[in-house]
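Asks: Got a file for you: protein-v3.cif, mmCIF, C-alpha atoms.
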data_my_file
loop_
_atom_site.label_atom_id
_atom_site.label_comp_id
_atom_site.auth_asym_id
_atom_site.auth_seq_id
_atom_site.Cartn_x
_atom_site.Cartn_y
_atom_site.Cartn_z
CA MET A 867 10.68 -20.45 2.88
CA ASN A 868 8.41 -17.92 1.15
CA LEU A 869 5.71 -18.48 3.78
CA LEU A 870 8.23 -18.01 6.59
CA PHE A 871 9.56 -14.83 4.97
CA THR A 872 6.01 -13.48 4.60
CA LEU A 873 5.20 -14.27 8.24
CA VAL A 874 8.40 -12.60 9.46
CA SER A 875 7.69 -9.52 7.30
CA PHE A 876 4.14 -9.38 8.66
CA ALA A 877 5.41 -9.71 12.25
CA VAL A 878 7.88 -6.86 11.71
CA THR A 879 5.13 -4.71 10.18
CA LEU A 880 2.74 -5.34 13.06
CA GLY A 881 5.46 -4.94 15.65
CA VAL A 882 6.64 -1.57 14.37
CA LEU A 883 3.14 -0.12 13.91
CA ILE A 884 1.77 -1.33 17.25
CA VAL A 885 4.84 -0.29 19.24
CA VAL A 886 4.86 3.20 17.68
CA HIS A 887 1.11 3.61 18.28
CA GLU A 888 1.23 2.55 21.92
CA LEU A 889 4.41 4.54 22.61
CA GLY A 890 2.48 7.61 21.46
CA HIS A 891 -0.14 6.97 24.16
CA TYR A 892 2.54 6.08 26.72
CA PHE A 893 4.80 9.13 26.37
CA VAL A 894 1.98 11.66 26.27
CA ALA A 895 0.34 9.99 29.29
CA LYS A 896 3.63 10.28 31.21
CA TRP A 897 4.03 13.88 30.05
CA CYS A 898 0.53 14.65 31.37
CA GLY A 899 1.37 13.15 34.76
CA VAL A 900 -0.74 9.98 34.37
CA LYS A 901 0.54 6.78 35.97
CA VAL A 902 0.96 3.96 33.44
CA LEU A 903 0.36 0.49 34.88
CA ARG A 904 0.94 -1.67 31.82
CA PHE A 905 2.33 -1.38 28.30
CA SER A 906 1.22 -4.44 26.33
CA ILE A 907 2.03 -5.56 22.80
CA GLY A 908 -0.71 -8.04 21.98
CA PHE A 909 -3.69 -9.30 23.94
CA GLY A 910 -4.40 -12.39 26.03
CA LYS A 911 -1.95 -14.46 28.03
CA PRO A 912 1.38 -12.69 28.73
CA LEU A 913 4.37 -14.50 27.22
CA PHE A 914 6.97 -12.07 28.54
CA THR A 915 6.70 -9.61 31.44
CA ARG A 916 9.13 -7.11 32.97
CA ARG A 917 8.64 -4.21 35.41
CA ARG A 918 10.62 -1.03 34.78
CA GLY A 919 10.78 2.59 35.93
CA PRO A 920 9.84 4.43 39.15
CA ASP A 921 6.17 3.45 38.69
CA GLN A 922 7.12 -0.19 38.08
CA THR A 923 5.24 -0.15 34.78
CA GLU A 924 4.58 -3.69 33.54
CA TRP A 925 5.95 -4.25 30.02
CA VAL A 926 4.19 -7.20 28.40
CA LEU A 927 4.42 -9.26 25.22
CA ALA A 928 1.14 -11.16 24.92
CA ALA A 929 -0.02 -14.22 22.93
CA PHE A 930 -2.42 -12.58 20.44
CA PRO A 931 -0.32 -10.02 18.52
CA LEU A 932 -2.97 -8.15 16.47
CA GLY A 933 -2.95 -5.02 18.63
CA GLY A 934 -1.82 -3.65 21.96
CA TYR A 935 -2.80 -1.29 24.75
CA VAL A 936 -1.56 1.06 27.45
CA LYS A 937 -3.32 0.54 30.78
CA MET A 938 -3.38 3.68 32.93
CA LEU A 939 -4.36 4.29 36.53
CA ASP A 940 -8.12 4.92 36.39
CA GLU A 941 -10.92 4.78 38.94
CA GLY A 942 -13.10 3.13 36.32
CA GLU A 943 -10.67 0.19 36.27
CA GLY A 944 -10.41 -0.31 40.04
CA ALA A 945 -9.73 1.30 43.39
CA VAL A 946 -7.11 4.06 43.44
CA ALA A 947 -5.14 4.99 46.55
CA PRO A 948 -5.95 8.52 47.82
CA HIS A 949 -2.37 9.73 47.38
CA GLU A 950 -2.43 8.70 43.68
CA LEU A 951 -5.79 10.17 42.70
CA ALA A 952 -4.09 13.15 41.05
CA ARG A 953 -2.34 10.72 38.67
CA ALA A 954 -5.50 8.85 37.65
CA PHE A 955 -6.46 9.22 34.01
CA ASN A 956 -10.12 9.93 34.74
CA ARG A 957 -9.12 12.82 37.05
CA GLN A 958 -7.22 14.64 34.30
CA PRO A 959 -8.70 17.70 32.54
CA VAL A 960 -10.48 16.77 29.33
CA ALA A 961 -7.79 18.48 27.24
CA LYS A 962 -5.13 16.15 28.65
CA ARG A 963 -7.31 13.08 28.09
CA ILE A 964 -7.83 14.15 24.48
CA ALA A 965 -4.06 14.59 24.05
CA VAL A 966 -3.33 11.11 25.44
CA VAL A 967 -5.94 9.45 23.20
CA MET A 968 -4.90 11.32 20.03
CA ALA A 969 -1.23 10.58 20.62
CA GLY A 970 -1.48 6.98 19.34
CA PRO A 971 -2.94 7.72 15.88
CA PHE A 972 -0.74 10.80 15.54
CA ALA A 973 2.33 8.69 16.32
CA ASN A 974 1.44 6.49 13.35
CA LEU A 975 1.05 9.53 11.10
CA ILE A 976 4.38 10.94 12.33
CA LEU A 977 6.01 7.58 11.57
CA ALA A 978 4.64 7.79 8.01
CA VAL A 979 6.06 11.30 7.61
CA ALA A 980 9.47 10.13 8.90
CA LEU A 981 9.51 7.11 6.56
CA TYR A 982 8.48 9.12 3.50
CA CYS A 983 11.06 11.79 4.35
CA LEU A 984 13.74 9.10 4.55
CA LEU A 985 12.60 7.61 1.24
CA PHE A 986 12.58 10.97 -0.53
CA MET A 987 16.10 11.71 0.71
CA ALA A 988 17.44 8.22 -0.10
CA GLY A 989 16.00 8.32 -3.60
CA VAL A 990 12.79 6.80 -4.92
CA PRO A 991 13.29 4.67 -8.05
CA GLY A 992 10.59 4.60 -10.68
CA VAL A 993 9.75 4.41 -14.37
CA LYS A 994 9.60 7.62 -16.38
CA PRO A 995 5.99 8.47 -17.28
CA MET A 996 6.61 8.38 -21.03
CA LEU A 997 3.65 7.48 -23.20
CA GLY A 998 3.74 4.57 -25.61
CA ASN A 999 1.24 3.98 -28.39
CA VAL A 1000 -2.05 5.55 -27.26
CA PRO A 1001 -4.95 3.14 -28.06
CA LYS A 1002 -7.61 4.58 -30.34
CA GLY A 1003 -10.91 5.52 -28.75
CA THR A 1004 -9.48 5.96 -25.24
CA ALA A 1005 -9.76 9.16 -23.22
CA ALA A 1006 -6.06 9.87 -23.84
CA ALA A 1007 -6.51 9.54 -27.61
CA VAL A 1008 -9.58 11.80 -27.53
CA ALA A 1009 -7.59 14.36 -25.54
CA GLY A 1010 -4.88 14.37 -28.22
CA LEU A 1011 -2.00 12.72 -26.35
CA SER A 1012 0.56 10.88 -28.45
CA SER A 1013 3.45 8.46 -28.13
CA GLY A 1014 6.74 9.85 -26.81
CA GLU A 1015 5.25 12.58 -24.63
CA VAL A 1016 6.31 12.56 -20.98
CA LEU A 1017 3.82 13.44 -18.24
CA ALA A 1018 5.18 16.40 -16.29
CA ALA A 1019 2.26 17.47 -14.06
CA ILE A 1020 -1.33 16.50 -13.25
CA GLU A 1021 -3.61 19.23 -11.93
CA GLY A 1022 -0.51 21.30 -11.24
CA GLU A 1023 1.20 18.57 -9.20
CA PRO A 1024 4.58 17.55 -10.67
CA VAL A 1025 4.96 13.85 -11.49
CA ALA A 1026 8.33 12.19 -11.98
CA THR A 1027 7.29 8.53 -12.27
CA TRP A 1028 4.32 6.41 -13.36
CA GLN A 1029 3.67 5.76 -9.67
CA ASP A 1030 3.27 9.53 -9.10
CA ALA A 1031 0.93 9.75 -12.10
CA ARG A 1032 -1.20 6.84 -10.88
CA TRP A 1033 -1.58 8.40 -7.44
CA GLU A 1034 -2.50 11.87 -8.74
CA ILE A 1035 -5.17 10.50 -11.08
CA LEU A 1036 -6.48 8.11 -8.42
CA LYS A 1037 -7.25 11.12 -6.21
CA HIS A 1038 -9.61 12.47 -8.88
CA ILE A 1039 -11.28 9.31 -10.18
CA LEU A 1040 -14.11 9.24 -7.65
CA LYS A 1041 -14.99 12.85 -8.41
CA LYS A 1042 -15.81 11.95 -12.04
CA GLN A 1043 -14.11 15.02 -13.45
CA SER A 1044 -11.52 15.90 -16.07
CA VAL A 1045 -7.92 16.45 -15.06
CA ARG A 1046 -5.45 18.84 -16.63
CA LEU A 1047 -2.26 17.19 -17.87
CA GLU A 1048 1.01 18.90 -18.67
CA THR A 1049 3.49 17.01 -20.85
CA SER A 1050 6.94 17.61 -22.30
CA ASN A 1051 8.41 16.23 -25.49
CA GLY A 1052 11.96 15.91 -24.17
CA GLN A 1053 13.09 19.01 -26.08
CA GLY A 1054 11.85 21.62 -23.63
CA SER A 1055 8.40 22.35 -25.05
CA GLN A 1056 5.24 21.80 -22.98
CA SER A 1057 1.73 20.83 -24.03
CA TYR A 1058 -1.51 20.86 -22.07
CA TYR A 1059 -4.47 18.48 -22.30
CA SER A 1060 -7.79 17.85 -20.57
CA LEU A 1061 -8.25 14.14 -19.77
CA ASP A 1062 -11.83 12.96 -19.20
CA LEU A 1063 -12.18 10.53 -16.25
CA SER A 1064 -15.95 10.04 -16.52
CA GLY A 1065 -15.51 6.66 -18.21
CA LEU A 1066 -14.01 5.14 -15.07
CA THR A 1067 -15.97 3.56 -12.22
CA GLU A 1068 -15.11 2.46 -8.70
CA LYS A 1069 -14.62 -1.07 -10.08
CA ASP A 1070 -11.59 0.23 -11.97
CA LEU A 1071 -9.76 1.26 -8.79
CA ASP A 1072 -8.05 -2.09 -8.29
CA GLY A 1073 -7.29 -2.58 -11.99
CA ASP A 1074 -5.19 -0.89 -14.62
CA PHE A 1075 -7.21 2.33 -14.77
CA LEU A 1076 -4.30 4.15 -16.45
CA GLY A 1077 -4.43 1.62 -19.29
CA LYS A 1078 -8.20 2.02 -19.59
CA LEU A 1079 -7.68 5.78 -19.96
CA GLY A 1080 -5.10 5.12 -22.66
CA LEU A 1081 -2.11 6.19 -20.56
CA VAL A 1082 0.10 3.32 -21.68
CA GLY A 1083 3.78 3.32 -20.80
CA PHE A 1084 6.40 3.44 -23.53
CA LYS A 1085 8.14 0.11 -24.08
CA PRO A 1086 11.49 0.07 -25.87
CA LEU A 1087 11.70 -2.48 -28.67
CA ILE A 1088 13.00 -5.77 -27.28
CA LYS A 1089 14.47 -8.00 -29.96
CA PRO A 1090 13.35 -11.66 -30.01
CA VAL A 1091 16.73 -12.91 -28.80
CA ILE A 1092 16.95 -15.36 -25.89
CA GLY A 1093 18.96 -13.96 -23.00
CA GLN A 1094 18.09 -16.41 -20.22
CA LEU A 1095 16.59 -19.86 -19.86
CA LYS A 1096 14.84 -21.56 -16.98
CA ALA A 1097 16.55 -24.81 -16.03
CA ASN A 1098 14.46 -27.79 -17.17
CA GLY A 1099 11.91 -25.46 -18.78
CA PRO A 1100 10.35 -26.37 -22.16
CA ALA A 1101 12.72 -24.07 -24.07
CA ALA A 1102 15.88 -25.47 -22.45
CA GLN A 1103 14.71 -29.07 -22.80
CA ALA A 1104 13.91 -28.56 -26.48
CA GLY A 1105 17.45 -27.35 -27.18
CA LEU A 1106 17.15 -23.55 -27.33
CA VAL A 1107 20.25 -21.72 -26.06
CA GLU A 1108 21.07 -18.18 -25.02
CA GLY A 1109 21.71 -15.97 -28.03
CA ASP A 1110 19.21 -17.74 -30.28
CA ALA A 1111 17.31 -15.20 -32.42
CA ILE A 1112 13.67 -16.25 -32.94
CA ARG A 1113 12.66 -15.55 -36.55
CA SER A 1114 9.26 -17.27 -36.70
CA VAL A 1115 6.93 -19.55 -34.75
CA ASN A 1116 4.61 -21.86 -36.70
CA SER A 1117 5.54 -19.84 -39.80
CA GLN A 1118 4.39 -16.58 -38.16
CA SER A 1119 7.09 -13.90 -38.35
CA ILE A 1120 8.40 -12.64 -34.98
CA ALA A 1121 9.59 -9.02 -35.06
CA GLN A 1122 9.90 -8.36 -31.33
CA TRP A 1123 9.82 -10.26 -28.05
CA GLU A 1124 6.26 -9.14 -27.34
CA ASP A 1125 5.08 -11.00 -30.48
CA LEU A 1126 6.65 -14.19 -29.13
CA VAL A 1127 5.10 -13.76 -25.67
CA ARG A 1128 1.65 -13.18 -27.14
CA LEU A 1129 1.84 -16.30 -29.31
CA VAL A 1130 3.24 -18.57 -26.57
CA ARG A 1131 0.68 -17.43 -23.99
CA ALA A 1132 -2.12 -18.25 -26.42
CA SER A 1133 -0.78 -21.80 -27.01
CA PRO A 1134 -0.68 -23.68 -23.69
CA GLY A 1135 0.03 -27.38 -24.27
CA LYS A 1136 0.19 -26.97 -28.07
CA PRO A 1137 3.30 -27.88 -30.13
CA LEU A 1138 5.12 -24.86 -31.56
CA GLN A 1139 7.80 -24.88 -34.25
CA PHE A 1140 10.48 -22.28 -33.55
CA GLU A 1141 12.70 -21.18 -36.42
CA VAL A 1142 15.83 -19.76 -34.83
CA GLU A 1143 19.02 -18.19 -36.14
CA ARG A 1144 22.18 -19.44 -34.45
CA GLY A 1145 25.76 -18.92 -35.57
CA GLY A 1146 24.73 -17.83 -39.05
CA GLY A 1147 22.55 -20.89 -39.63
CA ARG A 1148 18.84 -21.61 -39.27
CA HIS A 1149 17.36 -24.32 -37.07
CA VAL A 1150 13.80 -25.55 -36.47
CA ILE A 1151 13.03 -26.62 -32.90
CA THR A 1152 9.68 -27.97 -31.71
CA LEU A 1153 8.54 -27.44 -28.12
CA VAL A 1154 5.32 -27.50 -26.10
CA PRO A 1155 4.60 -24.59 -23.70
CA ASP A 1156 3.75 -25.45 -20.11
CA LEU A 1157 0.18 -24.89 -18.92
CA VAL A 1158 0.25 -22.21 -16.22
CA LYS A 1159 -2.69 -20.80 -14.23
CA GLU A 1160 -2.55 -17.02 -14.13
CA ASN A 1161 -5.33 -14.74 -12.87
CA GLY A 1162 -7.95 -17.41 -13.42
CA GLU A 1163 -6.90 -18.37 -16.97
CA THR A 1164 -4.54 -20.95 -18.44
CA VAL A 1165 -1.63 -19.55 -20.42
CA GLY A 1166 1.46 -20.99 -22.05
CA LYS A 1167 5.01 -20.44 -20.86
CA VAL A 1168 8.31 -21.83 -22.17
CA GLY A 1169 10.76 -20.65 -19.49
CA ALA A 1170 12.75 -18.17 -21.58
CA GLY A 1171 13.56 -14.51 -21.12
CA PRO A 1172 14.82 -11.89 -23.61
CA LYS A 1173 18.26 -10.41 -23.98
CA ILE A 1174 17.89 -6.93 -22.56
CA ASP A 1175 19.58 -3.81 -23.88
CA GLU A 1176 20.65 -2.51 -20.45
CA ARG A 1177 21.35 1.00 -21.72
CA ALA A 1178 17.85 1.32 -23.20
CA MET A 1179 16.30 0.03 -19.98
CA ARG A 1180 18.36 2.41 -17.84
CA ASP A 1181 17.02 5.31 -19.87
CA MET A 1182 13.49 4.29 -18.87
CA PHE A 1183 14.14 4.53 -15.14
CA ILE A 1184 14.64 7.53 -12.91
CA GLU A 1185 15.61 7.98 -9.27
CA VAL A 1186 13.99 10.96 -7.57
CA ARG A 1187 15.94 12.39 -4.63
CA TYR A 1188 15.32 15.58 -2.62
CA ALA A 1189 17.18 17.78 -0.14
CA PRO A 1190 16.15 17.22 3.51
CA HIS A 1191 13.88 20.27 3.81
CA VAL A 1192 12.14 19.51 0.50
CA ALA A 1193 11.84 15.83 1.44
CA LEU A 1194 10.18 16.76 4.74
CA TRP A 1195 7.67 19.04 3.01
CA LYS A 1196 6.85 16.39 0.41
CA ALA A 1197 6.51 13.75 3.15
CA LEU A 1198 4.05 15.95 5.05
CA HIS A 1199 2.12 16.64 1.85
CA LYS A 1200 1.98 12.95 0.86
CA THR A 1201 0.85 11.84 4.34
CA TRP A 1202 -1.86 14.52 4.38
CA ASP A 1203 -3.02 13.58 0.88
CA MET A 1204 -3.19 9.88 1.66
CA SER A 1205 -4.98 10.49 4.97
CA LEU A 1206 -7.67 12.56 3.25
CA PHE A 1207 -8.01 9.97 0.49
CA SER A 1208 -8.39 7.18 3.07
CA LEU A 1209 -11.16 9.13 4.81
CA GLU A 1210 -12.88 9.79 1.48
CA MET A 1211 -12.75 6.09 0.58
CA ILE A 1212 -14.18 5.11 3.97
CA GLY A 1213 -16.98 7.65 3.58
CA ARG A 1214 -17.84 6.36 0.11
CA MET A 1215 -17.88 2.78 1.40
CA VAL A 1216 -20.36 3.79 4.10
CA VAL A 1217 -22.76 5.34 1.57
CA GLY A 1218 -22.28 2.51 -0.94
CA GLN A 1219 -20.37 4.44 -3.63
CA VAL A 1220 -17.30 2.21 -3.22
CA SER A 1221 -17.41 -1.57 -2.84
CA LEU A 1222 -16.59 -3.17 0.52
CA LYS A 1223 -14.31 -5.48 -1.46
CA ASN A 1224 -11.65 -2.79 -1.05
CA ILE A 1225 -11.38 -3.66 2.67
CA SER A 1226 -8.28 -5.75 3.36
CA GLY A 1227 -7.57 -7.95 6.36
CA PRO A 1228 -4.44 -9.42 7.96
CA ILE A 1229 -3.98 -12.09 5.26
CA THR A 1230 -3.75 -9.50 2.47
CA ILE A 1231 -1.58 -7.22 4.60
CA ALA A 1232 0.76 -10.13 5.34
CA ASP A 1233 0.94 -10.96 1.62
CA TYR A 1234 1.77 -7.36 0.69
CA ALA A 1235 4.31 -7.16 3.53
CA GLY A 1236 6.09 -10.21 2.15
CA GLN A 1237 5.97 -8.97 -1.45
CA SER A 1238 7.30 -5.51 -0.59
CA ALA A 1239 10.06 -6.97 1.61
CA HIS A 1240 11.11 -9.26 -1.26
CA LEU A 1241 11.55 -6.16 -3.45
CA GLY A 1242 13.94 -4.56 -0.96
CA LEU A 1243 14.18 -2.22 2.01
CA LEU A 1244 12.83 0.91 0.30
CA PRO A 1245 9.63 -0.73 -1.03
CA PHE A 1246 9.06 -2.28 2.40
CA LEU A 1247 9.45 1.11 4.11
CA SER A 1248 7.00 2.61 1.61
CA PHE A 1249 4.50 -0.16 2.42
CA LEU A 1250 5.07 0.40 6.15
CA ALA A 1251 4.32 4.13 5.74
CA LEU A 1252 1.10 3.37 3.86
CA ILE A 1253 -0.16 0.92 6.50
CA SER A 1254 0.83 3.32 9.27
CA ILE A 1255 -1.37 6.01 7.70
CA SER A 1256 -4.25 3.55 7.40
CA LEU A 1257 -3.90 2.57 11.07
CA GLY A 1258 -3.74 6.19 12.19
CA VAL A 1259 -6.79 7.22 10.17
CA LEU A 1260 -8.81 4.13 11.17
CA ASN A 1261 -8.18 4.76 14.87
CA LEU A 1262 -9.43 8.33 14.59
CA LEU A 1263 -12.86 7.24 13.34
CA PRO A 1264 -15.69 8.00 15.83
CA VAL A 1265 -16.31 4.33 16.62
CA PRO A 1266 -16.52 3.18 20.26
CA LEU A 1267 -13.52 1.04 21.30
CA LEU A 1268 -11.30 2.94 18.87
CA ASP A 1269 -9.38 6.06 19.91
CA GLY A 1270 -11.82 8.13 17.86
CA GLY A 1271 -14.69 6.76 19.96
CA HIS A 1272 -13.08 8.07 23.14
CA LEU A 1273 -12.52 11.42 21.45
CA MET A 1274 -16.23 11.47 20.60
CA TYR A 1275 -17.08 10.99 24.30
CA TYR A 1276 -14.71 13.79 25.32
CA MET A 1277 -16.20 16.16 22.77
CA ALA A 1278 -19.65 15.36 24.16
CA GLU A 1279 -18.27 16.07 27.64
CA ILE A 1280 -17.03 19.49 26.55
CA ILE A 1281 -20.43 20.33 25.04
CA LYS A 1282 -22.58 19.11 27.94
CA GLY A 1283 -20.20 20.12 30.72
CA SER A 1284 -19.99 16.70 32.36
CA PRO A 1285 -18.66 13.22 31.48
CA VAL A 1286 -20.78 10.83 29.42
CA SER A 1287 -22.74 8.40 31.60
CA GLU A 1288 -21.51 4.84 32.13
CA LYS A 1289 -24.74 3.51 30.58
CA THR A 1290 -24.09 5.48 27.39
CA MET A 1291 -20.52 4.21 27.26
CA GLU A 1292 -21.70 0.60 27.74
CA ILE A 1293 -24.15 0.93 24.85
CA GLY A 1294 -21.40 2.55 22.77
CA GLN A 1295 -19.06 -0.35 23.52
CA GLN A 1296 -21.68 -2.85 22.36
CA ILE A 1297 -22.16 -0.90 19.13
CA GLY A 1298 -18.40 -0.65 18.69
CA VAL A 1299 -17.91 -4.39 19.18
CA ALA A 1300 -20.64 -5.12 16.62
CA LEU A 1301 -19.14 -2.72 14.05
CA LEU A 1302 -15.61 -4.06 14.50
CA LEU A 1303 -16.82 -7.67 14.23
CA MET A 1304 -18.62 -6.81 10.99
CA LEU A 1305 -15.45 -5.13 9.71
CA MET A 1306 -13.39 -8.20 10.60
CA VAL A 1307 -15.86 -10.49 8.83
CA PHE A 1308 -15.72 -8.39 5.65
CA ALA A 1309 -11.92 -8.19 5.84
CA PHE A 1310 -11.42 -11.95 6.27
CA TYR A 1311 -14.01 -12.71 3.57
CA ASN A 1312 -12.21 -10.42 1.13
CA ASP A 1313 -8.85 -11.94 2.06
CA ILE A 1314 -10.07 -15.49 1.48
CA ASN A 1315 -11.83 -14.49 -1.73
CA ARG A 1316 -8.61 -12.91 -3.05
CA LEU A 1317 -6.68 -16.09 -2.24
CA ILE A 1318 -9.22 -18.26 -4.05
CA THR A 1319 -9.59 -16.06 -7.14
CA SER A 1320 -5.84 -15.51 -7.49
#
As structure tokens - that is how I would like this structure written.
Replies:
Amino acid sequence: MNLLFTLVSFAVTLGVLIVVHELGHYFVAKWCGVKVLRFSIGFGKPLFTRRRGPDQTEWVLAAFPLGGYVKMLDEGEGAVAPHELARAFNRQPVAKRIAVVMAGPFANLILAVALYCLLFMAGVPGVKPMLGNVPKGTAAAVAGLSSGEVLAAIEGEPVATWQDARWEILKHILKKQSVRLETSNGQGSQSYYSLDLSGLTEKDLDGDFLGKLGLVGFKPLIKPVIGQLKANGPAAQAGLVEGDAIRSVNSQSIAQWEDLVRLVRASPGKPLQFEVERGGGRHVITLVPDLVKENGETVGKVGAGPKIDERAMRDMFIEVRYAPHVALWKALHKTWDMSLFSLEMIGRMVVGQVSLKNISGPITIADYAGQSAHLGLLPFLSFLALISISLGVLNLLPVPLLDGGHLMYYMAEIIKGSPVSEKTMEIGQQIGVALLLMLMVFAFYNDINRLITS
């Protein structure tokens, strides 16, 4: 069922992004007076075909769904009747051809803006960026930050959640510079700090770089009281029940739930003696944690969860909501920021400053699509916006076969005063095919490697 859900989520993601991208090309082509012969979602053998409109445009759903295209009337694609020459794509002024080609990537960026605007108006849930115990020796400790402070702004940009804070710091990591933090103490007073990022490397991008800096989230004290049990788990089978208060394990005192988790995880397959308080009396229960593989290591788990103080947890969360005009501005700003960051990451990959392991392929995208969809509609829409930006930026790169490659030819045409020769375009296509194949190889290798290592 999980696999089916992931595949459906991936199909929806691809469908939305491809349709929006190709509709961008289609509508601008029609607006420019170009005749559209075919609108295809996917490549290869057509599975579904219909002809619609005064031009009898062929609408196609093809077998291989990783892409799509809009086929326009063009003398380079075949003979064109004399009375339709004015509607051929190759006969259009270069400005119109540029508009048609740019319309696809821009449609993806506009989709991202629309989705972020919707999210900002609907309300974005998140965890308050309140600091917990700052580990000694970290950059945060050196800067003077302390437990209980709430991050308010980073480099002048307001942050309302830990997700905001992560994004703002991520933008500065590769520049190896300090960032200016503004915090509040919950009583109206502000403090300012300079946080040194020089201790981070590009290898930290995929990990918990906030934790490495010492920016650890505040965790309310969770008492070691069982609130839920997994059916047939070690805890339930051993006789533990909801409401049991764990006082010690193997004679080690347990003050909070985190102490219990740490001890259990370190004892896979080893007998543990739980001393629990139940109904005013004390009981000793022996159980053996299951052996569970997690991130390449074997840990212990007993199938029990804590009793949560819902009021304390509610105080840790915040929902950020904006008026429509503010939401639109923030959506434009976020899309612009993420587009620039994507370009910077690509540039650093090219020069070797960032590992190619950061390239993701369809398997990873499908996995993230499924995970975000499991979390709900809003996380899925956020994921969709992120991938839409990536698709838009990728297609604008000056690589033959991509939209950016065609733009490169048109810019050369403007400079030299005549179209690029067919020989040059053929060589460019060969280079483009080689580059895209290399990209696909890296992407699939990274996908498979992630599956194996996880």
Asks: Excluding Gly910 in chain A and residues on its chain fewer than 3 positions from it, collect all residues at most 7 Å away from it, counting all atoms listed in the file, and give them as a ChimeraX atom specification.
Replies: /A:928-930
Asks: Quick one: residues within 6 Å of range 953-962 of chain A, all atoms listed in the file counted, chain neighbours fewer than 2 positions away excluded, as a list in words?
Replies: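 Contacts, in chain order: Gly899, Val900, Lys901, Leu939, Asp940, Glu950, Leu951, Ile964 and Ala965 of chain A.
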Asks: Report as a PDB file with C-alpha atoms, in the frame of the given file all protein, DNA and RNA residues lying within 9 Å of range 1231-1243 of chain A, evaluated on all atoms listed in the file, omitting residues in the same chain fewer than 2 positions from it.
Replies:
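The new file out.pdb reads:
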ATOM      1  CA  ASN A 868       8.410 -17.920   1.150  1.00  0.00           C
ATOM      2  CA  LEU A 869       5.710 -18.480   3.780  1.00  0.00           C
ATOM      3  CA  PHE A 871       9.560 -14.830   4.970  1.00  0.00           C
ATOM      4  CA  THR A 872       6.010 -13.480   4.600  1.00  0.00           C
ATOM      5  CA  LEU A 873       5.200 -14.270   8.240  1.00  0.00           C
ATOM      6  CA  VAL A 874       8.400 -12.600   9.460  1.00  0.00           C
ATOM      7  CA  SER A 875       7.690  -9.520   7.300  1.00  0.00           C
ATOM      8  CA  PHE A 876       4.140  -9.380   8.660  1.00  0.00           C
ATOM      9  CA  ALA A 877       5.410  -9.710  12.250  1.00  0.00           C
ATOM     10  CA  VAL A 878       7.880  -6.860  11.710  1.00  0.00           C
ATOM     11  CA  THR A 879       5.130  -4.710  10.180  1.00  0.00           C
ATOM     12  CA  SER A1226      -8.280  -5.750   3.360  1.00  0.00           C
ATOM     13  CA  GLY A1227      -7.570  -7.950   6.360  1.00  0.00           C
ATOM     14  CA  PRO A1228      -4.440  -9.420   7.960  1.00  0.00           C
ATOM     15  CA  ILE A1229      -3.980 -12.090   5.260  1.00  0.00           C
ATOM     16  CA  PRO A1245       9.630  -0.730  -1.030  1.00  0.00           C
ATOM     17  CA  PHE A1246       9.060  -2.280   2.400  1.00  0.00           C
ATOM     18  CA  LEU A1247       9.450   1.110   4.110  1.00  0.00           C
ATOM     19  CA  SER A1248       7.000   2.610   1.610  1.00  0.00           C
ATOM     20  CA  PHE A1249       4.500  -0.160   2.420  1.00  0.00           C
ATOM     21  CA  LEU A1250       5.070   0.400   6.150  1.00  0.00           C
ATOM     22  CA  ILE A1253      -0.160   0.920   6.500  1.00  0.00           C
TER      23      ILE A1253
END
Asks: What's the separation between CA of Arg1144 in chain A and CA of Arg1177 in chain A, in Å to one decimal place?
Replies: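 About the pair CA of Arg1144 in chain A and CA of Arg1177 in chain A: they are 24.1 Å apart.
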Asks: Closest to Cys983 in chain A among A:Ser1119, A:Thr1201, A:Ser906, A:Gln1094, using all atoms listed in the file?
Replies: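 Ranking A:Ser1119, A:Thr1201, A:Ser906, A:Gln1094 by distance to Cys983 in chain A, first place goes to A:Thr1201.
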Asks: Run through the PyMOL selection byres ((chain A and resi 1156) around 9) on the given coordinates and return the selected residues as a list of chain:residue names.
Replies: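 Output of the PyMOL selection byres ((chain A and resi 1156) around 9): A:Gly1099, A:Pro1100, A:Pro1134, A:Gly1135, A:Lys1136, A:Val1154, A:Pro1155, A:Leu1157, A:Val1158, A:Val1165, A:Gly1166, A:Lys1167, A:Val1168, A:Gly1169.
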Asks: Check which residues satisfy the PyMOL selection byres ((chain A and resi 1047) around 9) in the file shown, then give them as number ranges by chain.
Replies: A: 1017-1022, 1045-1046, 1048-1049, 1057-1061
Asks: Would you write out, as a VMD selection string, every residue that the PyMOL selection byres ((chain A and resi 1203-1205) around 9) captures in this file?
Replies: chain A and resid 975 1037 1198 to 1202 1206 to 1210 1252 1255 to 1256 1258 to 1259
Asks: How far is it from CA of Phe914 in chain A to CA of Ile976 in chain A, in Å with one decimal?
Replies: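 These two atoms are separated by 28.3 Å.
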Asks: Find the distance between CA of Leu1257 in chain A and CA of Ala969 in chain A and write it in Å to one decimal.
Replies: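 Rounded to one decimal, the two atoms are 12.7 Å apart.
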Asks: My list of candidates is A:Val926, A:Leu1301, A:Ala1193, A:Ala1031. Which is closest to Leu1263 in chain A when distances are computed with all atoms listed in the file?
Replies: A:Leu1301
Asks: From the set A:Val894, A:Ala1101, A:Val1107, A:Ala1278, which residue has the shortest atom-to-atom contact distance to Gly1145 in chain A, counting only C-alpha atoms?
Replies: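 Nearest candidate to Gly1145 in chain A out of A:Val894, A:Ala1101, A:Val1107, A:Ala1278: A:Val1107.
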